[in-house]
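*Asks:* Contents of structure.cif (mmCIF, C-alpha atoms) are given next:
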```cif
data_entry
loop_
_atom_site.label_atom_id
_atom_site.label_comp_id
_atom_site.auth_asym_id
_atom_site.auth_seq_id
_atom_site.Cartn_x
_atom_site.Cartn_y
_atom_site.Cartn_z
CA MET A 1 -8.77 12.01 33.03
CA ASP A 2 -6.22 10.45 35.32
CA LEU A 3 -4.45 7.73 33.38
CA SER A 4 -2.74 6.32 36.46
CA LEU A 5 -6.12 4.85 37.42
CA TYR A 6 -5.84 2.59 34.41
CA LEU A 7 -2.24 1.50 34.87
CA PRO A 8 -3.22 -1.63 36.86
CA ARG A 9 -5.30 -2.75 33.87
CA LEU A 10 -2.36 -2.33 31.56
CA GLY A 11 -0.25 -4.18 34.14
CA ASP A 12 -2.68 -7.11 34.08
CA GLY A 13 -2.43 -7.11 30.31
CA LEU A 14 1.36 -7.16 30.46
CA VAL A 15 1.26 -10.17 32.79
CA LEU A 16 -0.91 -12.10 30.31
CA SER A 17 1.40 -11.04 27.45
CA LEU A 18 4.39 -12.38 29.38
CA GLN A 19 2.55 -15.62 30.17
CA LEU A 20 1.69 -16.08 26.49
CA THR A 21 5.33 -15.41 25.63
CA ALA A 22 6.55 -17.99 28.15
CA ILE A 23 4.12 -20.64 26.87
CA SER A 24 4.81 -20.02 23.20
CA VAL A 25 8.57 -19.90 23.67
CA VAL A 26 8.89 -23.01 25.89
CA LEU A 27 6.47 -25.19 23.92
CA GLY A 28 7.40 -23.58 20.60
CA TYR A 29 11.12 -24.27 20.97
CA ALA A 30 10.44 -27.85 22.09
CA LEU A 31 8.27 -28.36 19.01
CA GLY A 32 10.92 -26.50 17.00
CA LEU A 33 13.49 -29.10 18.04
CA VAL A 34 11.14 -31.87 16.88
CA PHE A 35 10.66 -30.05 13.54
CA ALA A 36 14.42 -29.54 13.23
CA LEU A 37 15.04 -33.25 13.71
CA GLY A 38 12.25 -34.05 11.26
CA VAL A 39 13.69 -31.77 8.58
CA SER A 40 17.17 -33.29 9.01
CA SER A 41 15.77 -36.83 8.95
CA THR A 42 17.11 -39.19 6.29
CA ASN A 43 13.64 -40.66 5.89
CA LYS A 44 11.90 -38.81 3.04
CA LEU A 45 8.46 -39.59 4.45
CA VAL A 46 9.39 -37.70 7.62
CA ARG A 47 11.51 -34.97 6.06
CA PHE A 48 9.17 -33.74 3.36
CA PRO A 49 5.98 -33.25 5.41
CA THR A 50 7.94 -31.56 8.22
CA LEU A 51 9.57 -29.23 5.71
CA VAL A 52 6.15 -28.27 4.33
CA VAL A 53 4.81 -27.55 7.83
CA VAL A 54 7.86 -25.45 8.72
CA GLU A 55 7.73 -23.48 5.46
CA ILE A 56 4.02 -22.81 5.95
CA GLY A 57 4.69 -21.58 9.48
CA ARG A 58 7.42 -19.26 8.27
CA GLY A 59 5.72 -18.22 5.08
CA ILE A 60 2.38 -16.98 6.34
CA PRO A 61 1.84 -14.01 8.66
CA ALA A 62 1.43 -14.78 12.37
CA LEU A 63 -1.85 -12.89 12.23
CA VAL A 64 -3.19 -15.33 9.64
CA VAL A 65 -2.08 -18.26 11.80
CA LEU A 66 -4.10 -16.82 14.69
CA TYR A 67 -7.16 -16.30 12.46
CA ILE A 68 -6.91 -19.84 11.13
CA VAL A 69 -6.78 -21.28 14.66
CA TYR A 70 -9.47 -19.05 16.10
CA TYR A 71 -11.92 -18.44 13.23
CA GLY A 72 -11.01 -21.25 10.87
CA PHE A 73 -10.89 -24.36 13.03
CA PRO A 74 -14.45 -23.99 14.39
CA ALA A 75 -15.61 -24.44 10.78
CA ILE A 76 -14.24 -27.97 10.87
CA GLY A 77 -15.68 -28.55 14.32
CA ILE A 78 -12.68 -27.70 16.51
CA LEU A 79 -13.37 -24.81 18.86
CA PHE A 80 -10.73 -23.10 20.97
CA GLU A 81 -11.21 -20.52 23.66
CA ASN A 82 -9.36 -17.32 22.64
CA VAL A 83 -6.39 -17.52 25.05
CA LEU A 84 -5.83 -21.14 24.07
CA ALA A 85 -6.14 -20.24 20.38
CA ALA A 86 -3.54 -17.49 20.84
CA ALA A 87 -1.22 -19.87 22.69
CA ILE A 88 -1.55 -22.48 19.92
CA GLY A 89 -1.05 -20.00 17.09
CA LEU A 90 1.94 -18.26 18.69
CA THR A 91 3.49 -21.61 19.66
CA PHE A 92 3.24 -22.84 16.08
CA THR A 93 4.84 -19.67 14.71
CA ALA A 94 7.63 -19.82 17.30
CA ALA A 95 8.17 -23.51 16.50
CA ALA A 96 8.47 -22.91 12.75
CA TYR A 97 10.97 -20.06 13.13
CA SER A 98 13.00 -21.71 15.91
CA SER A 99 13.27 -25.01 14.04
CA GLU A 100 15.38 -23.41 11.31
CA MET A 101 17.65 -21.79 13.90
CA ILE A 102 18.04 -25.05 15.83
CA ARG A 103 18.65 -26.99 12.62
CA ALA A 104 21.33 -24.53 11.52
CA GLY A 105 22.89 -24.80 14.98
CA LEU A 106 22.93 -28.58 14.94
CA GLN A 107 24.36 -28.62 11.42
CA SER A 108 27.17 -26.32 12.49
CA VAL A 109 28.55 -29.08 14.74
CA PRO A 110 31.50 -30.63 12.88
CA LYS A 111 30.89 -34.14 11.57
CA GLY A 112 33.98 -35.37 13.39
CA GLN A 113 32.15 -34.95 16.68
CA LEU A 114 29.63 -37.61 15.73
CA GLU A 115 32.38 -39.89 14.40
CA ALA A 116 34.38 -39.39 17.58
CA ALA A 117 31.30 -40.19 19.66
CA ALA A 118 30.77 -43.36 17.65
CA ALA A 119 34.44 -44.27 18.04
CA LEU A 120 34.03 -43.91 21.81
CA GLY A 121 31.14 -46.37 21.62
CA LEU A 122 28.38 -43.83 22.36
CA HIS A 123 25.08 -44.81 20.85
CA GLY A 124 22.76 -42.62 18.81
CA ARG A 125 20.75 -41.16 21.64
CA THR A 126 23.68 -40.54 23.97
CA ALA A 127 25.77 -39.12 21.16
CA PHE A 128 23.02 -36.71 20.23
CA GLY A 129 22.00 -35.74 23.76
CA ARG A 130 25.48 -35.40 25.23
CA VAL A 131 27.67 -34.43 22.29
CA ILE A 132 25.83 -32.94 19.31
CA PHE A 133 22.89 -31.16 20.95
CA PRO A 134 24.82 -29.17 23.62
CA GLN A 135 27.25 -27.85 21.01
CA GLY A 136 24.60 -27.20 18.39
CA ILE A 137 22.16 -25.39 20.68
CA ARG A 138 24.96 -23.16 21.88
CA SER A 139 25.40 -21.51 18.51
CA ALA A 140 21.62 -21.21 18.15
CA ILE A 141 21.16 -19.41 21.49
CA PRO A 142 21.61 -15.78 20.32
CA GLY A 143 19.08 -16.30 17.52
CA LEU A 144 16.65 -18.05 19.84
CA MET A 145 16.89 -15.21 22.36
CA GLY A 146 16.13 -12.69 19.62
CA LEU A 147 13.18 -14.82 18.54
CA ALA A 148 11.89 -14.89 22.13
CA ILE A 149 11.86 -11.07 22.14
CA GLN A 150 10.03 -11.07 18.82
CA SER A 151 7.55 -13.58 20.24
CA PHE A 152 6.91 -11.23 23.14
CA GLN A 153 6.11 -8.45 20.69
CA GLY A 154 4.08 -10.89 18.61
CA THR A 155 1.71 -11.53 21.52
CA SER A 156 0.25 -8.10 20.70
CA LEU A 157 -1.37 -9.76 17.66
CA ALA A 158 -3.58 -11.74 20.05
CA TYR A 159 -5.48 -8.46 20.37
CA SER A 160 -7.11 -9.33 17.04
CA ILE A 161 -8.76 -12.40 18.55
CA SER A 162 -9.81 -10.48 21.69
CA VAL A 163 -7.33 -11.96 24.15
CA ASN A 164 -7.04 -9.57 27.10
CA GLU A 165 -3.30 -9.05 26.80
CA LEU A 166 -1.54 -5.69 26.95
CA MET A 167 -2.61 -4.43 23.51
CA SER A 168 -6.30 -5.26 24.11
CA GLN A 169 -6.28 -3.69 27.54
CA SER A 170 -4.68 -0.62 26.06
CA TYR A 171 -7.32 -0.44 23.32
CA GLN A 172 -10.10 -0.71 25.90
CA VAL A 173 -8.54 1.93 28.13
CA SER A 174 -8.10 4.25 25.13
CA THR A 175 -11.77 3.97 24.21
CA ILE A 176 -12.75 4.85 27.79
CA THR A 177 -10.40 7.79 28.21
CA PHE A 178 -10.24 8.99 24.57
CA ASP A 179 -6.62 9.77 25.32
CA TYR A 180 -5.34 7.64 22.45
CA LEU A 181 -1.90 9.17 22.06
CA ALA A 182 -0.98 8.93 25.75
CA VAL A 183 -2.39 5.42 26.23
CA TYR A 184 -0.63 3.95 23.19
CA ALA A 185 2.58 5.78 24.03
CA ILE A 186 2.52 4.29 27.56
CA THR A 187 1.73 0.87 26.09
CA GLY A 188 4.59 1.18 23.62
CA LEU A 189 6.98 2.10 26.40
CA MET A 190 5.82 -0.90 28.45
CA TYR A 191 6.77 -3.18 25.56
CA VAL A 192 10.05 -1.29 25.23
CA ALA A 193 10.75 -1.66 28.95
CA ILE A 194 10.81 -5.44 28.47
CA ALA A 195 12.12 -5.75 24.91
CA VAL A 196 15.08 -3.35 25.03
CA PRO A 197 16.78 -4.66 28.21
CA ALA A 198 16.14 -8.17 26.87
CA THR A 199 17.92 -7.20 23.63
CA TRP A 200 20.88 -5.90 25.62
CA LEU A 201 20.91 -9.11 27.62
CA SER A 202 20.94 -11.22 24.46
CA MET A 203 23.77 -9.13 23.04
CA GLY A 204 25.71 -9.70 26.26
CA VAL A 205 25.10 -13.43 26.08
CA GLU A 206 26.18 -13.47 22.44
CA LYS A 207 29.47 -11.77 23.32
CA ARG A 208 29.99 -14.13 26.23
CA LEU A 209 29.40 -17.20 24.06
CA ALA A 210 31.73 -15.89 21.38
CA ARG A 211 34.44 -15.48 24.02
CA GLY A 212 34.19 -19.18 24.89
CA TYR A 213 35.03 -20.16 21.33
CA ALA A 214 38.04 -17.91 20.93
CA MET B 215 -13.56 -19.19 -6.35
CA GLU B 216 -15.44 -16.09 -5.25
CA GLY B 217 -13.31 -16.00 -2.12
CA PHE B 218 -10.14 -16.30 -4.18
CA ILE B 219 -11.13 -13.31 -6.29
CA ALA B 220 -11.99 -11.29 -3.17
CA VAL B 221 -8.59 -12.06 -1.62
CA LEU B 222 -6.66 -11.54 -4.85
CA ALA B 223 -8.38 -8.19 -5.45
CA ALA B 224 -6.82 -7.01 -2.20
CA LEU B 225 -3.28 -8.03 -3.25
CA PRO B 226 -2.45 -4.60 -4.76
CA LEU B 227 -3.08 -2.93 -1.40
CA THR B 228 -0.78 -5.44 0.35
CA LEU B 229 1.90 -4.61 -2.21
CA ILE B 230 1.32 -0.84 -1.90
CA VAL B 231 1.66 -0.95 1.89
CA THR B 232 4.79 -3.11 1.64
CA ALA B 233 6.43 -1.08 -1.14
CA GLY B 234 5.58 2.26 0.48
CA ALA B 235 6.95 1.22 3.86
CA PHE B 236 10.08 -0.32 2.31
CA GLY B 237 10.67 2.86 0.30
CA ILE B 238 10.40 5.04 3.39
CA GLY B 239 12.65 2.62 5.27
CA MET B 240 15.35 2.57 2.58
CA ILE B 241 15.64 6.35 2.73
CA GLY B 242 14.89 6.82 6.43
CA GLY B 243 17.46 4.19 7.31
CA ILE B 244 20.30 6.32 5.91
CA PRO B 245 20.23 9.19 8.45
CA LEU B 246 19.66 6.70 11.27
CA MET B 247 22.63 4.63 10.10
CA LEU B 248 24.80 7.77 9.95
CA GLY B 249 23.64 8.63 13.48
CA LEU B 250 24.55 5.16 14.71
CA GLN B 251 28.07 5.61 13.34
CA SER B 252 28.51 9.23 14.40
CA ARG B 253 31.80 10.23 15.98
CA ILE B 254 29.90 12.36 18.50
CA GLY B 255 29.01 10.15 21.45
CA LEU B 256 25.81 12.01 22.26
CA VAL B 257 24.44 11.66 18.71
CA ARG B 258 25.43 7.99 18.63
CA GLY B 259 23.79 7.28 21.99
CA ALA B 260 20.61 9.16 21.14
CA THR B 261 20.25 7.40 17.77
CA ARG B 262 20.91 4.02 19.40
CA LEU B 263 18.14 4.71 21.93
CA LEU B 264 15.78 5.88 19.18
CA VAL B 265 16.40 2.79 17.04
CA ASP B 266 15.98 0.48 20.04
CA ILE B 267 12.71 2.15 21.05
CA ILE B 268 11.33 1.99 17.50
CA ARG B 269 12.19 -1.69 17.30
CA GLY B 270 10.98 -2.40 20.84
CA ILE B 271 7.39 -1.30 20.17
CA PRO B 272 5.22 -3.91 18.44
CA THR B 273 3.97 -3.03 14.95
CA ILE B 274 0.33 -3.06 15.99
CA VAL B 275 1.00 -0.50 18.76
CA TRP B 276 2.76 1.76 16.24
CA LEU B 277 -0.17 1.58 13.86
CA PHE B 278 -2.75 2.32 16.58
CA LEU B 279 -0.62 5.16 17.90
CA LEU B 280 -0.48 6.79 14.47
CA TYR B 281 -4.02 6.00 13.42
CA PHE B 282 -5.88 6.92 16.61
CA GLY B 283 -3.38 9.07 18.44
CA VAL B 284 -1.97 11.51 15.92
CA SER B 285 -3.98 14.42 14.58
CA PHE B 286 -3.01 17.52 12.68
CA GLY B 287 -5.40 20.35 13.59
CA GLY B 288 -8.26 17.94 14.20
CA MET B 289 -7.46 15.89 11.07
CA ARG B 290 -6.63 12.25 11.76
CA LEU B 291 -4.47 10.18 9.47
CA GLU B 292 -6.35 7.84 7.14
CA SER B 293 -5.70 4.15 7.68
CA LEU B 294 -3.54 3.63 4.58
CA PRO B 295 -1.07 6.49 5.22
CA ALA B 296 -0.98 5.55 8.91
CA ALA B 297 -0.05 1.97 7.99
CA VAL B 298 2.56 3.03 5.41
CA ILE B 299 4.15 5.58 7.76
CA GLY B 300 4.07 3.22 10.77
CA LEU B 301 5.64 0.32 8.91
CA GLY B 302 7.99 2.80 7.22
CA VAL B 303 9.29 4.07 10.58
CA ILE B 304 9.87 0.50 11.76
CA SER B 305 11.58 -0.36 8.46
CA SER B 306 13.88 2.66 8.82
CA ALA B 307 15.14 1.36 12.16
CA TYR B 308 15.68 -2.21 10.92
CA LEU B 309 17.30 -1.12 7.65
CA ALA B 310 19.56 1.30 9.56
CA GLU B 311 20.93 -1.70 11.47
CA ILE B 312 21.38 -3.64 8.24
CA TYR B 313 23.17 -0.69 6.58
CA ARG B 314 25.38 -0.22 9.64
CA GLY B 315 26.39 -3.87 9.60
CA SER B 316 27.31 -3.81 5.94
CA PHE B 317 29.28 -0.54 6.19
CA GLN B 318 31.35 -2.13 8.93
CA ILE B 319 32.31 -4.91 6.53
CA VAL B 320 33.74 -2.51 3.92
CA PRO B 321 37.51 -2.67 4.49
CA ARG B 322 39.06 0.41 6.10
CA GLY B 323 41.58 0.60 3.28
CA GLN B 324 38.82 1.67 0.93
CA SER B 325 38.19 4.97 2.69
CA GLU B 326 41.93 5.45 3.24
CA ALA B 327 42.59 4.89 -0.46
CA ALA B 328 39.80 7.29 -1.36
CA SER B 329 41.24 10.02 0.84
CA ALA B 330 44.73 9.29 -0.57
CA LEU B 331 43.23 9.95 -4.02
CA GLY B 332 42.01 13.29 -2.70
CA LEU B 333 38.30 12.42 -2.76
CA GLY B 334 36.10 14.36 -0.36
CA ASN B 335 33.97 12.79 2.35
CA LYS B 336 30.75 13.02 0.38
CA VAL B 337 32.22 11.56 -2.80
CA THR B 338 33.90 8.77 -0.85
CA PHE B 339 30.65 7.89 0.86
CA THR B 340 28.46 8.00 -2.25
CA TRP B 341 30.76 6.46 -4.85
CA ILE B 342 33.19 4.28 -2.90
CA LEU B 343 31.67 3.06 0.37
CA ALA B 344 27.91 3.01 -0.31
CA PRO B 345 28.02 0.81 -3.45
CA GLN B 346 30.18 -1.79 -1.71
CA ALA B 347 28.06 -1.74 1.44
CA PHE B 348 24.88 -2.01 -0.62
CA ARG B 349 26.17 -5.22 -2.15
CA THR B 350 26.59 -6.90 1.24
CA ALA B 351 23.33 -5.42 2.49
CA MET B 352 21.23 -6.85 -0.38
CA PRO B 353 20.54 -10.35 1.02
CA SER B 354 19.59 -8.99 4.47
CA MET B 355 17.42 -6.34 2.84
CA ALA B 356 15.62 -9.02 0.84
CA THR B 357 15.06 -11.08 4.01
CA PHE B 358 13.65 -8.00 5.68
CA LEU B 359 11.38 -7.31 2.70
CA LEU B 360 10.00 -10.85 2.95
CA ALA B 361 9.20 -10.26 6.63
CA LEU B 362 7.65 -6.90 5.77
CA ILE B 363 5.24 -8.45 3.26
CA LYS B 364 3.90 -10.59 6.08
CA ASP B 365 3.88 -7.71 8.58
CA SER B 366 1.80 -5.62 6.17
CA SER B 367 -1.08 -7.92 7.20
CA ILE B 368 -1.14 -6.05 10.53
CA ALA B 369 -2.45 -3.03 8.61
CA SER B 370 -5.78 -4.90 8.50
CA THR B 371 -6.22 -4.14 12.23
CA ILE B 372 -6.62 -0.43 11.48
CA GLY B 373 -8.90 -1.09 8.54
CA VAL B 374 -6.60 -1.15 5.52
CA ALA B 375 -8.42 -3.42 3.08
CA GLU B 376 -5.42 -5.60 2.21
CA MET B 377 -5.49 -9.39 1.82
CA VAL B 378 -6.06 -10.42 5.42
CA PHE B 379 -8.77 -7.78 5.74
CA ALA B 380 -10.43 -9.13 2.60
CA ALA B 381 -10.16 -12.70 3.90
CA THR B 382 -11.72 -11.75 7.26
CA THR B 383 -14.51 -9.82 5.57
CA PHE B 384 -15.26 -12.67 3.20
CA ALA B 385 -15.30 -15.17 6.08
CA ARG B 386 -17.75 -12.95 7.98
CA GLN B 387 -20.02 -12.48 4.99
CA ASN B 388 -20.18 -16.20 4.28
CA PRO B 389 -20.06 -17.73 7.76
CA SER B 390 -21.72 -21.00 6.75
CA THR B 391 -19.70 -21.81 3.65
CA ALA B 392 -16.38 -20.00 3.94
CA GLY B 393 -14.78 -21.61 6.99
CA LEU B 394 -11.02 -21.91 6.70
CA VAL B 395 -10.93 -21.30 2.98
CA PRO B 396 -10.36 -17.49 2.74
CA PHE B 397 -7.49 -17.62 5.24
CA PHE B 398 -5.83 -20.47 3.40
CA LEU B 399 -6.27 -18.56 0.14
CA ALA B 400 -4.55 -15.54 1.68
CA ALA B 401 -1.83 -17.84 3.01
CA ILE B 402 -1.30 -19.32 -0.46
CA VAL B 403 -0.96 -15.86 -2.00
CA TYR B 404 1.61 -14.86 0.66
CA VAL B 405 3.64 -17.98 -0.05
CA ALA B 406 3.23 -17.43 -3.80
CA ILE B 407 4.77 -13.95 -3.64
CA SER B 408 7.40 -14.82 -1.04
CA VAL B 409 8.91 -17.86 -2.74
CA PRO B 410 9.86 -16.22 -6.08
CA LEU B 411 11.22 -13.21 -4.18
CA ALA B 412 13.33 -15.50 -2.01
CA VAL B 413 14.66 -17.32 -5.10
CA VAL B 414 15.50 -14.05 -6.88
CA SER B 415 17.23 -12.63 -3.80
CA ARG B 416 19.27 -15.79 -3.34
CA ARG B 417 20.35 -15.65 -6.99
CA LEU B 418 21.11 -11.94 -6.72
CA GLY B 419 23.17 -12.70 -3.63
CA THR B 420 25.30 -15.31 -5.36
CA ARG B 421 25.71 -13.19 -8.49
CA MET B 422 26.93 -10.25 -6.48
CA MET B 423 29.33 -12.54 -4.64
CA VAL B 424 30.76 -13.65 -7.99
CA ASN B 425 31.22 -10.07 -9.15
CA ALA B 426 32.80 -9.02 -5.88
#
```
As structure tokens, what does this structure read like?
*Replies:*
Amino acid sequence: MDLSLYLPRLGDGLVLSLQLTAISVVLGYALGLVFALGVSSTNKLVRFPTLVVVEIGRGIPALVVLYIVYYGFPAIGILFENVLAAAIGLTFTAAAYSSEMIRAGLQSVPKGQLEAAAALGLHGRTAFGRVIFPQGIRSAIPGLMGLAIQSFQGTSLAYSISVNELMSQSYQVSTITFDYLAVYAITGLMYVAIAVPATWLSMGVEKRLARGYA
Amino acid sequence: MEGFIAVLAALPLTLIVTAGAFGIGMIGGIPLMLGLQSRIGLVRGATRLLVDIIRGIPTIVWLFLLYFGVSFGGMRLESLPAAVIGLGVISSAYLAEIYRGSFQIVPRGQSEAASALGLGNKVTFTWILAPQAFRTAMPSMATFLLALIKDSSIASTIGVAEMVFAATTFARQNPSTAGLVPFFLAAIVYVAISVPLAVVSRRLGTRMMVNA
């Protein structure tokens, strides 16, 4: 059996995996910022519920999140198509994990920065957007890049709700060819081909950012 | 209530998968860590590549590779050993990185002092460097263990009847009544085992800091 015949299928799967990664990282980090602000809010009515949501997102397996969205929500009358369910589940997981990184980053900004901004007459929104956020997000970047790589690998869980991403395609190909070892080895190396260079890139960025501080 | 019992009955298997994989990882991480720190460039480079490849492949792909792809003389691995070995291999790579990081923190003077006292390499490693490195590694190891408990749920995809598997089965058997409930029950149990572990590890971390 010539496996090269099936490579385009795996390629299609990889494209969908990358799209899911892009969606869950972009939307997830945006939502993560909202969660981070909610958790650092001085208003208890905002802080406590956000904290519960974040801890749930971090405390339960991503697989369970996907099952809840895909199999669970229809029971209460909300039905999602599987790609959308995967995007929602993965976004929520990315949001919960990223929010803690963003919060830690924002907290690492010295208090004097906010006081200085106030002394210069900058108002809340300007002070946050122009002074606190740029400095805070900078120290969160290495962690967020690592999380993006993990999110890419996490898209493989969408296999369990029959999304046609790389892992599903690979499973289908393996049941056609019966060449399980070769198909999964190729699939694994396709994930590696993205994840490992991305890890090197994030390590490079981390070094570069550290240089700026020295 | 029935659903809760079904999910809870599968908890031991979740714990077995997690403990087995963590055990393999704690031991398997040692040779990998030594390889990562080797003075021979070729060994160091090869181990680095190996660790990066292990970590670059998603857990589910590892499990499918071992479960469907590996056979010894026509005998395939059963799902439970495949899951434990797969997660164990991944744990070895992650723990090797954690070990490496904590060995780097042990001050150089420690190994110099040990050699000044005439202690051999093996003795220095086992009785001087390892205990100090272990202390700094503990919090990261606990964090990894918490992640591993959740990752053990992926074993359900190759048919290991752990909690998520039990929840899915229960939901399928009772499609009209179950709904979200079994998954939330599984979620609650995950949180219930993770939180005390997190508290203990945090306390352990601070206590070790005090002793240090």
*Asks:* Can you tell me which residues surround Ile60 of chain A at a distance of at most 9 Å, considering only C-alpha atoms, apart from same-chain residues fewer than 5 positions away, and format the answer as a PyMOL selection string?
*Replies:* (chain A and resi 55+65) or (chain B and resi 364+400-402+404-405)
*Asks:* Which of these, B:Ser415, B:Ser408, B:Thr383, B:Ser390, has the shortest distance to Ala224 of chain B once you count all atoms listed in the file?
*Replies:* B:Thr383
*Asks:* Please return, as a VMD selection string, all residues of chain A lying within 9 Å of chain B when all atoms listed in the file are considered.
*Replies:* chain A and resid 55 to 56 59 to 65 67 to 68 71 to 76 149 to 150 152 to 157 160 167 171 179 to 185 187 to 196 199
*Asks:* As a check of understanding, name the residues that the PyMOL selection byres ((chain A and resi 40) around 12) selects in the supplied structure, as a ChimeraX atom specification.
*Replies:* /A:33-39,41-51,99-100,102-107
*Asks:* Can you tell me how far atom CA of Leu227 of chain B sits from atom CA of Gly300 of chain B, in Å to one decimal?
*Replies:*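 Between atom CA of Leu227 of chain B and atom CA of Gly300 of chain B the gap is 15.4 Å.
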*Asks:* Just the residues within 10 Å of Leu144 of chain A, please, counting only C-alpha atoms, with nothing from its chain fewer than 5 positions along; format it as a VMD selection string.
*Replies:* chain A and resid 25 29 94 97 to 99 101 to 102 137 to 139 149 to 150 202
*Asks:* Could you dump the residues just selected with C-alpha atoms as a PDB file, keeping the file's coordinate frame?
*Replies:*
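Output file again_21.pdb follows:
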```
ATOM      1  CA  VAL A  25       8.570 -19.900  23.670  1.00  0.00           C
ATOM      2  CA  TYR A  29      11.120 -24.270  20.970  1.00  0.00           C
ATOM      3  CA  ALA A  94       7.630 -19.820  17.300  1.00  0.00           C
ATOM      4  CA  TYR A  97      10.970 -20.060  13.130  1.00  0.00           C
ATOM      5  CA  SER A  98      13.000 -21.710  15.910  1.00  0.00           C
ATOM      6  CA  SER A  99      13.270 -25.010  14.040  1.00  0.00           C
ATOM      7  CA  MET A 101      17.650 -21.790  13.900  1.00  0.00           C
ATOM      8  CA  ILE A 102      18.040 -25.050  15.830  1.00  0.00           C
ATOM      9  CA  ILE A 137      22.160 -25.390  20.680  1.00  0.00           C
ATOM     10  CA  ARG A 138      24.960 -23.160  21.880  1.00  0.00           C
ATOM     11  CA  SER A 139      25.400 -21.510  18.510  1.00  0.00           C
ATOM     12  CA  ILE A 149      11.860 -11.070  22.140  1.00  0.00           C
ATOM     13  CA  GLN A 150      10.030 -11.070  18.820  1.00  0.00           C
ATOM     14  CA  SER A 202      20.940 -11.220  24.460  1.00  0.00           C
TER      15      SER A 202
END
```
*Asks:* Skipping near chain neighbours, those fewer than 3 positions away, what residues fall within 8 Å of Leu166 of chain A using all atoms listed in the file, listed as number ranges by chain?
*Replies:* A: 10-17, 156, 169-170, 187
*Asks:* Just say which residues the PyMOL selection byres ((chain B and resi 220) around 10) picks in this file, as number ranges by chain.
*Replies:* B: 215-219, 221-225, 377, 380-381, 383-384, 396, 399-400
*Asks:* Restricting the calculation to only C-alpha atoms, which member of B:Ile312, B:Ala328, B:Met355, B:Leu343 is positioned closest to Gly237 of chain B?
*Replies:*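 Distance minimum relative to Gly237 of chain B lands on B:Met355.
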*Asks:* Give as a PDB file with C-alpha atoms, keeping the file's coordinate frame the residues that the PyMOL selection byres ((chain B and resi 245-260) around 7) matches when applied to the coordinates above.
*Replies:*
```
ATOM      1  CA  GLY B 242      14.890   6.820   6.430  1.00  0.00           C
ATOM      2  CA  GLY B 243      17.460   4.190   7.310  1.00  0.00           C
ATOM      3  CA  ILE B 244      20.300   6.320   5.910  1.00  0.00           C
ATOM      4  CA  THR B 261      20.250   7.400  17.770  1.00  0.00           C
ATOM      5  CA  ARG B 262      20.910   4.020  19.400  1.00  0.00           C
ATOM      6  CA  LEU B 263      18.140   4.710  21.930  1.00  0.00           C
ATOM      7  CA  LEU B 264      15.780   5.880  19.180  1.00  0.00           C
ATOM      8  CA  ALA B 310      19.560   1.300   9.560  1.00  0.00           C
ATOM      9  CA  GLU B 311      20.930  -1.700  11.470  1.00  0.00           C
ATOM     10  CA  TYR B 313      23.170  -0.690   6.580  1.00  0.00           C
ATOM     11  CA  ARG B 314      25.380  -0.220   9.640  1.00  0.00           C
TER      12      ARG B 314
END
```
*Asks:* As an exercise, work out the distance from atom CA of Arg416 of chain B to atom CA of Met203 of chain A in Å and give it to one decimal place.
*Replies:* 27.6 Å
*Asks:* With distances taken over all atoms listed in the file, which residue among B:Val320, B:Leu291, B:Ile230, B:Leu333 lies nearest Phe348 of chain B?
*Replies:* B:Val320
*Asks:* Find the spatial neighbours of Ala158 of chain A, counting all atoms listed in the file, within a cut-off of 9 Å - ignore same-chain residues fewer than 5 positions away - and output them as a ChimeraX atom specification.
*Replies:* /A:17,63,66,82-83,85-87,90,163-165,167-168
